[in-house]
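Structure, as structure tokens:
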Amino acid sequence: MKFLTSGTLSGLGRHIHQTFGGAAWNRQIEDAERKELKHQGADVIVHCAFNSSRAVDSNNLHAYLADNVALTQELVSVPHRKFVYLSSVDVYPKELSNCSEGDAIDIDAVDSIYGGVKLMSESIVKENCPDYLILRCVTLLGRYSRKNSLSRILEDDPRKLSLASNSQFNYVLHSDVSDLIRLAVDRGIDGVFNVASSQNIDLASVAAMLGKQVEYGAYRYDVGRIDNSKIASISPAFNKSSRDSICQYAEMRAGRE
């Protein structure tokens with residue numbers, strides 16, 4: 001199977017590209033190469049690229065939409081057999097008590113522009129790709145993860161966290177996501193899936209299990225109650241808790257240091 005992966009310079013995209021090989025679509029490719037990739041097409045497109053800037057205003061809104069919604073529109077036009085889109089659980093309104101894939105989502109109730117444009121891109125994929133896999137992901141952990149609260153705790157980063165100790169997160173490993181994509185390609189699995197562990201964890205519990213002292217901030221983040229029963233039914237890896245994923249991630253980091 002010939003893969004084309006976007007966002008290969010960091011994060012999950014880099015992991016996916018190293019795992020499956022194939023072509024890479026990122027900010028560094030020239031127009032001629034982009035044109036050739038669109039001409040060649042791929043069996044599987046895995047769209048991980050995203051401008052994750054949180055500082056979006058009227059001055060940079062067009063660029064933000066171009067990097068996200070317009071890029072998705074461009075990629076779905078590339079000839080392919082299966083399209084995998086890395087979305088986020090942030091598409092769910094915060095007031096939902098149990099977020100599941102079958103919920104109809106009121107875009108006006110989505111908490112952030114990040115979640116809003118993810119939902120817009122999902123709609124583009126659904127409309128244009130007959131065989132799609134939309135993965136609504138929680139916080140992803142792996143060798144190429146961007147720095148986050150968990151990695152700062154692990155690294156004894158001396159800066160104070162902006163988040164409160166009771167902030168709720170859910171963690172999943174890059175390797176579990178790539179294994180899921182392989183399974184979906186091999187078995188012809190499609191649809192929308194919450195990519196989440198079986199249990200959330202708060203930052204105070206993370207610090208305690210890692211034996212770290214942390215100074216917290218005031219803002220409380222809450223990932224929400226994510227229903228992962230659909231994905232756990234096809235991949236046992238997602239029966240793990242967030243605590244299990246953190247332990248594996250910490251062991252992986254210790255092994256490479």
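Ligands are numbered from 1 in the order shown, chains are lettered A, B, ... in the order of the structure tokens, and residues start at 1 in each chain.
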What are the nearest atom pairs, with distances in Å to one decimal, for all residues of stretch 13-57 of chain A that come at most 9 Å from stretch 160-180 of chain A, using only C-alpha atoms, set out by chain and rising residue number as a tab-separated table?
```
residue	atom	partner	partner_atom	distance
A:His15	CA	A:His174	CA	7.1
A:Ile16	CA	A:Ser178	CA	6.3
A:Thr19	CA	A:Ser178	CA	7.5
A:Phe20	CA	A:Ser178	CA	8.6
```
Export, as a PDB file, in the first residue's frame, the selected residues with N, CA and C atoms.
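result-v4.pdb, freshly written:
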```pdb
ATOM      1  N   HIS A  15       5.783  10.218  13.132  1.00  0.00           N
ATOM      2  CA  HIS A  15       5.733   8.797  13.518  1.00  0.00           C
ATOM      3  C   HIS A  15       5.069   7.955  12.433  1.00  0.00           C
ATOM      4  N   ILE A  16       3.951   8.423  11.904  1.00  0.00           N
ATOM      5  CA  ILE A  16       3.234   7.677  10.872  1.00  0.00           C
ATOM      6  C   ILE A  16       4.106   7.507   9.630  1.00  0.00           C
ATOM      7  N   THR A  19       6.708   4.968  10.190  1.00  0.00           N
ATOM      8  CA  THR A  19       6.129   3.630  10.331  1.00  0.00           C
ATOM      9  C   THR A  19       5.745   3.031   8.988  1.00  0.00           C
ATOM     10  N   PHE A  20       5.092   3.816   8.143  1.00  0.00           N
ATOM     11  CA  PHE A  20       4.544   3.287   6.888  1.00  0.00           C
ATOM     12  C   PHE A  20       5.330   3.679   5.643  1.00  0.00           C
TER      13      PHE A  20
END
```
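Taking only C-alpha atoms into account, A:Lys126 lies nearest to A:Val192 out of the set A:Val69, A:Ala109, A:Leu183, A:Val192.
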field: Residue list (strand (DSSP E or B), DSSP) for stretch 64-144 of chain A, as a ChimeraX atom specification
entry: /A:82-88,99,132-137,139-141
Sort by chain and increasing residue number a table of all residues of stretch 120-150 of chain A within 12 Å of stretch 198-212 of chain A, each with its closest pair of atoms and their distance in Å to one decimal, counting only C-alpha atoms, and write it as JSON lines.
```
{"residue": "A:Val138", "atom": "CA", "partner": "A:Asn200", "partner_atom": "CA", "distance": 10.1}
{"residue": "A:Thr139", "atom": "CA", "partner": "A:Asn200", "partner_atom": "CA", "distance": 10.8}
{"residue": "A:Asn148", "atom": "CA", "partner": "A:Leu203", "partner_atom": "CA", "distance": 11.5}
{"residue": "A:Ser149", "atom": "CA", "partner": "A:Leu203", "partner_atom": "CA", "distance": 8.2}
{"residue": "A:Leu150", "atom": "CA", "partner": "A:Val206", "partner_atom": "CA", "distance": 7.5}
```
Fill in: Selected residue of minimal separation from A:Asp90 among A:Arg159, A:Arg225, A:Arg27, A:Lys2, counting only C-alpha atoms
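Residue with the minimum atom-to-atom distance to A:Asp90: A:Arg225.
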task = Pick out the residues sitting within 9 Å of A:Asn194, and hand them over as a list in words; count only C-alpha atoms, and ignore anything fewer than 6 positions along from it in its own chain.
result =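 Within the cut-off, the hits are Ser88, Val89, Cys99, Ser100, Glu101, Ile134, Leu135, Arg136, Cys137, Val138, Ile226, Asp227, Asn228, Ser229, Lys230 and Ile231 of chain A.
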Expected file contents, prior selection, all heavy atoms, as a compact mmCIF listing (two decimals), in the first residue's frame:
```
# COMPACT_ATOMS: atom_id res chain seq x y z
N SER A 88 -9.89 15.70 16.55
CA SER A 88 -9.68 15.91 17.99
C SER A 88 -10.99 15.79 18.74
O SER A 88 -12.06 16.11 18.22
CB SER A 88 -9.09 17.31 18.21
OG SER A 88 -9.11 17.66 19.58
N VAL A 89 -10.90 15.37 19.99
CA VAL A 89 -12.09 15.35 20.85
C VAL A 89 -12.54 16.76 21.19
O VAL A 89 -13.63 16.94 21.75
CB VAL A 89 -11.85 14.54 22.14
CG1 VAL A 89 -11.62 13.07 21.83
CG2 VAL A 89 -10.69 15.12 22.95
N CYS A 99 -19.19 11.94 25.60
CA CYS A 99 -18.98 12.25 24.18
C CYS A 99 -18.83 10.97 23.37
O CYS A 99 -17.88 10.20 23.54
CB CYS A 99 -17.72 13.10 24.02
SG CYS A 99 -17.76 14.63 24.98
N SER A 100 -19.76 10.74 22.45
CA SER A 100 -19.70 9.55 21.61
C SER A 100 -19.82 9.94 20.14
O SER A 100 -20.33 11.02 19.80
CB SER A 100 -20.81 8.56 21.98
OG SER A 100 -22.08 9.13 21.77
N GLU A 101 -19.36 9.03 19.28
CA GLU A 101 -19.24 9.34 17.87
C GLU A 101 -20.58 9.61 17.19
O GLU A 101 -20.63 10.28 16.16
CB GLU A 101 -18.53 8.19 17.14
CG GLU A 101 -17.11 7.94 17.59
CD GLU A 101 -17.00 6.97 18.76
OE1 GLU A 101 -18.01 6.70 19.43
OE2 GLU A 101 -15.88 6.48 18.99
N ILE A 134 -12.03 8.80 10.40
CA ILE A 134 -11.85 10.03 11.16
C ILE A 134 -11.55 9.65 12.60
O ILE A 134 -12.35 8.96 13.25
CB ILE A 134 -13.10 10.93 11.08
CG1 ILE A 134 -13.27 11.45 9.65
CG2 ILE A 134 -13.01 12.08 12.06
CD1 ILE A 134 -14.54 12.23 9.42
N LEU A 135 -10.39 10.08 13.09
CA LEU A 135 -9.93 9.72 14.42
C LEU A 135 -9.94 10.95 15.31
O LEU A 135 -9.12 11.86 15.15
CB LEU A 135 -8.52 9.12 14.34
CG LEU A 135 -8.35 7.92 13.41
CD1 LEU A 135 -6.90 7.45 13.40
CD2 LEU A 135 -9.29 6.79 13.80
N ARG A 136 -10.88 10.99 16.23
CA ARG A 136 -10.99 12.10 17.19
C ARG A 136 -10.08 11.79 18.38
O ARG A 136 -10.46 11.02 19.27
CB ARG A 136 -12.44 12.30 17.61
CG ARG A 136 -13.32 12.80 16.47
CD ARG A 136 -14.78 12.89 16.87
NE ARG A 136 -15.59 13.43 15.78
CZ ARG A 136 -16.91 13.39 15.73
NH1 ARG A 136 -17.59 12.80 16.72
NH2 ARG A 136 -17.56 13.91 14.70
N CYS A 137 -8.92 12.41 18.38
CA CYS A 137 -7.86 12.02 19.31
C CYS A 137 -7.83 12.87 20.57
O CYS A 137 -8.16 14.05 20.56
CB CYS A 137 -6.51 12.13 18.61
SG CYS A 137 -6.32 11.05 17.17
N VAL A 138 -7.39 12.24 21.63
CA VAL A 138 -7.05 12.92 22.88
C VAL A 138 -5.57 13.32 22.79
O VAL A 138 -5.00 13.39 21.70
CB VAL A 138 -7.33 12.01 24.09
CG1 VAL A 138 -8.81 11.74 24.22
CG2 VAL A 138 -6.55 10.68 23.97
N ILE A 226 -15.02 10.88 27.51
CA ILE A 226 -14.94 10.40 26.13
C ILE A 226 -15.31 8.93 26.07
O ILE A 226 -14.66 8.09 26.71
CB ILE A 226 -13.53 10.61 25.55
CG1 ILE A 226 -13.06 12.06 25.75
CG2 ILE A 226 -13.52 10.24 24.07
CD1 ILE A 226 -13.94 13.10 25.12
N ASP A 227 -16.34 8.62 25.32
CA ASP A 227 -16.78 7.23 25.15
C ASP A 227 -15.84 6.54 24.16
O ASP A 227 -15.83 6.85 22.97
CB ASP A 227 -18.22 7.22 24.63
CG ASP A 227 -18.77 5.81 24.43
OD1 ASP A 227 -18.02 4.84 24.67
OD2 ASP A 227 -19.94 5.69 24.02
N ASN A 228 -15.02 5.60 24.64
CA ASN A 228 -14.07 4.91 23.77
C ASN A 228 -14.50 3.47 23.48
O ASN A 228 -13.70 2.66 23.00
CB ASN A 228 -12.66 4.94 24.36
CG ASN A 228 -12.45 3.88 25.42
OD1 ASN A 228 -13.39 3.48 26.12
ND2 ASN A 228 -11.23 3.39 25.54
N SER A 229 -15.75 3.13 23.77
CA SER A 229 -16.20 1.74 23.63
C SER A 229 -16.12 1.25 22.18
O SER A 229 -15.84 0.08 21.93
CB SER A 229 -17.62 1.58 24.16
OG SER A 229 -18.52 2.46 23.50
N LYS A 230 -16.37 2.15 21.22
CA LYS A 230 -16.36 1.75 19.82
C LYS A 230 -14.96 1.32 19.38
O LYS A 230 -14.78 0.26 18.76
CB LYS A 230 -16.86 2.89 18.94
CG LYS A 230 -16.97 2.56 17.46
CD LYS A 230 -17.54 3.76 16.68
CE LYS A 230 -17.61 3.46 15.19
NZ LYS A 230 -18.11 4.64 14.42
N ILE A 231 -13.95 2.11 19.75
CA ILE A 231 -12.59 1.79 19.32
C ILE A 231 -12.03 0.61 20.12
O ILE A 231 -11.29 -0.23 19.59
CB ILE A 231 -11.67 3.01 19.42
CG1 ILE A 231 -10.41 2.81 18.59
CG2 ILE A 231 -11.31 3.36 20.86
CD1 ILE A 231 -9.59 4.06 18.41
```
Identify all residues of stretch 17-236 of chain A in helix (DSSP H, G or I) (DSSP on the backbone) and supply them as a ChimeraX atom specification. /A:17-20,31-40,61-76,89-91,107-109,113-128,149-154,174-187,203-210,229-232,236
For those residues, write C-alpha atoms to a file as an mmCIF file, in the first residue's frame.
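Below you can see again-v7.cif, which holds the result:
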```cif
data_model
loop_
_atom_site.group_PDB
_atom_site.id
_atom_site.type_symbol
_atom_site.label_atom_id
_atom_site.label_comp_id
_atom_site.auth_asym_id
_atom_site.auth_seq_id
_atom_site.Cartn_x
_atom_site.Cartn_y
_atom_site.Cartn_z
ATOM 1 C CA HIS A 17 5.638 8.503 8.040
ATOM 2 C CA GLN A 18 8.466 6.564 9.695
ATOM 3 C CA THR A 19 6.129 3.630 10.331
ATOM 4 C CA PHE A 20 4.544 3.287 6.888
ATOM 5 C CA ASP A 31 5.267 23.574 -5.489
ATOM 6 C CA ALA A 32 6.586 21.214 -8.172
ATOM 7 C CA GLU A 33 6.809 18.338 -5.690
ATOM 8 C CA ARG A 34 3.328 19.096 -4.362
ATOM 9 C CA LYS A 35 1.993 19.021 -7.915
ATOM 10 C CA GLU A 36 3.687 15.679 -8.559
ATOM 11 C CA LEU A 37 2.285 14.171 -5.349
ATOM 12 C CA LYS A 38 -1.207 15.251 -6.409
ATOM 13 C CA HIS A 39 -0.658 13.666 -9.820
ATOM 14 C CA GLN A 40 0.644 10.361 -8.420
ATOM 15 C CA LEU A 61 -7.559 34.185 10.372
ATOM 16 C CA HIS A 62 -7.171 33.659 6.619
ATOM 17 C CA ALA A 63 -3.765 32.019 7.035
ATOM 18 C CA TYR A 64 -5.132 29.818 9.822
ATOM 19 C CA LEU A 65 -8.056 28.660 7.693
ATOM 20 C CA ALA A 66 -5.746 28.101 4.713
ATOM 21 C CA ASP A 67 -3.429 25.917 6.800
ATOM 22 C CA ASN A 68 -6.331 23.853 8.103
ATOM 23 C CA VAL A 69 -9.652 23.827 6.244
ATOM 24 C CA ALA A 70 -8.256 24.702 2.801
ATOM 25 C CA LEU A 71 -5.433 22.163 3.175
ATOM 26 C CA THR A 72 -7.953 19.430 3.930
ATOM 27 C CA GLN A 73 -9.917 20.424 0.826
ATOM 28 C CA GLU A 74 -6.727 20.205 -1.231
ATOM 29 C CA LEU A 75 -5.735 16.798 0.124
ATOM 30 C CA VAL A 76 -9.117 15.150 -0.409
ATOM 31 C CA VAL A 89 -12.089 15.346 20.847
ATOM 32 C CA ASP A 90 -12.169 19.145 21.050
ATOM 33 C CA VAL A 91 -14.940 18.976 18.433
ATOM 34 C CA ILE A 107 -20.865 23.894 15.867
ATOM 35 C CA ASP A 108 -22.012 27.011 17.738
ATOM 36 C CA ALA A 109 -21.493 25.084 20.979
ATOM 37 C CA ILE A 113 -11.840 27.738 16.863
ATOM 38 C CA TYR A 114 -9.484 24.750 16.985
ATOM 39 C CA GLY A 115 -12.411 22.400 17.547
ATOM 40 C CA GLY A 116 -14.513 24.295 15.023
ATOM 41 C CA VAL A 117 -12.069 23.978 12.144
ATOM 42 C CA LYS A 118 -11.460 20.315 13.007
ATOM 43 C CA LEU A 119 -15.203 19.759 12.668
ATOM 44 C CA MET A 120 -15.248 21.669 9.369
ATOM 45 C CA SER A 121 -12.448 19.477 8.036
ATOM 46 C CA GLU A 122 -14.317 16.361 9.167
ATOM 47 C CA SER A 123 -17.300 17.472 7.078
ATOM 48 C CA ILE A 124 -15.052 17.957 4.032
ATOM 49 C CA VAL A 125 -13.659 14.443 4.445
ATOM 50 C CA LYS A 126 -17.115 12.898 4.861
ATOM 51 C CA GLU A 127 -18.439 14.679 1.801
ATOM 52 C CA ASN A 128 -15.538 13.851 -0.534
ATOM 53 C CA SER A 149 2.172 19.435 30.591
ATOM 54 C CA LEU A 150 3.056 15.751 30.942
ATOM 55 C CA SER A 151 6.450 16.062 29.250
ATOM 56 C CA ARG A 152 7.250 19.129 31.362
ATOM 57 C CA ILE A 153 6.436 17.180 34.519
ATOM 58 C CA LEU A 154 8.659 14.332 33.356
ATOM 59 C CA HIS A 174 1.438 7.179 18.889
ATOM 60 C CA SER A 175 2.183 3.496 18.380
ATOM 61 C CA ASP A 176 -1.382 2.503 19.300
ATOM 62 C CA VAL A 177 -2.708 4.973 16.692
ATOM 63 C CA SER A 178 -0.445 3.653 13.935
ATOM 64 C CA ASP A 179 -1.428 0.066 14.850
ATOM 65 C CA LEU A 180 -5.072 1.118 14.571
ATOM 66 C CA ILE A 181 -4.498 2.632 11.123
ATOM 67 C CA ARG A 182 -2.791 -0.558 9.971
ATOM 68 C CA LEU A 183 -5.725 -2.596 11.283
ATOM 69 C CA ALA A 184 -8.245 -0.314 9.577
ATOM 70 C CA VAL A 185 -6.435 -0.553 6.236
ATOM 71 C CA ASP A 186 -6.060 -4.333 6.431
ATOM 72 C CA ARG A 187 -9.666 -4.989 7.504
ATOM 73 C CA LEU A 203 -2.317 16.269 36.630
ATOM 74 C CA ALA A 204 -1.947 15.823 40.380
ATOM 75 C CA SER A 205 -2.187 12.049 39.903
ATOM 76 C CA VAL A 206 0.300 12.224 37.018
ATOM 77 C CA ALA A 207 2.831 14.036 39.199
ATOM 78 C CA ALA A 208 2.276 11.627 42.100
ATOM 79 C CA MET A 209 2.758 8.500 40.002
ATOM 80 C CA LEU A 210 5.946 9.969 38.509
ATOM 81 C CA SER A 229 -16.199 1.741 23.627
ATOM 82 C CA LYS A 230 -16.356 1.747 19.817
ATOM 83 C CA ILE A 231 -12.588 1.786 19.322
ATOM 84 C CA ALA A 232 -11.911 -0.601 22.222
ATOM 85 C CA PRO A 236 -7.730 -4.095 22.720
#
```
Write out, as a Markdown table, each residue of stretch 118-207 of chain A that has an atom at most 8 Å from stretch 9-13 of chain A, together with the closest pair of atoms and their distance in Å to one decimal, counting only C-alpha atoms, rows going by chain and rising number.
```
| residue | atom | partner | partner_atom | distance |
| --- | --- | --- | --- | --- |
| A:Leu140 | CA | A:Leu12 | CA | 7.6 |
| A:Gly142 | CA | A:Gly11 | CA | 7.6 |
| A:Arg143 | CA | A:Gly11 | CA | 7.9 |
| A:Tyr144 | CA | A:Gly11 | CA | 4.7 |
| A:Ser145 | CA | A:Gly11 | CA | 4.7 |
| A:Arg146 | CA | A:Gly11 | CA | 6.2 |
| A:His174 | CA | A:Leu12 | CA | 6.1 |
```
How would the residues just chosen look if you wrote them out with N, CA and C atoms as a compact mmCIF listing (two decimals), in the first residue's frame?
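Just written: out.txt:
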```
# COMPACT_ATOMS: atom_id res chain seq x y z
N LEU A 140 -1.80 12.88 22.50
CA LEU A 140 -1.02 11.78 21.96
C LEU A 140 0.42 11.83 22.45
N GLY A 142 4.37 10.20 22.25
CA GLY A 142 5.32 9.43 21.46
C GLY A 142 6.65 10.16 21.37
N ARG A 143 7.55 9.58 20.66
CA ARG A 143 8.91 10.12 20.54
C ARG A 143 8.92 11.54 19.99
N TYR A 144 7.96 11.86 19.12
CA TYR A 144 7.96 13.16 18.47
C TYR A 144 6.84 14.07 18.96
N SER A 145 6.30 13.78 20.14
CA SER A 145 5.24 14.62 20.69
C SER A 145 5.74 16.04 20.92
N ARG A 146 4.85 17.00 20.69
CA ARG A 146 5.16 18.37 21.07
C ARG A 146 5.16 18.46 22.60
N HIS A 174 1.29 7.14 20.34
CA HIS A 174 1.44 7.18 18.89
C HIS A 174 1.40 5.78 18.29
```
A straight line from atom CA of A:Phe83 to atom CA of A:Asp111 spans 26.4 Å
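Each of A:Leu133, A:Ala24, A:Ala218, A:Leu141 was checked against A:Asp244 using only C-alpha atoms; the smallest atom-to-atom distance is that of A:Leu141.
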Which is closer to A:Tyr85 than all the others in A:Ile246, A:Ile234, A:Leu4, A:Val46, using only C-alpha atoms?
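Answer, going by the shortest atom-to-atom distance: A:Val46.
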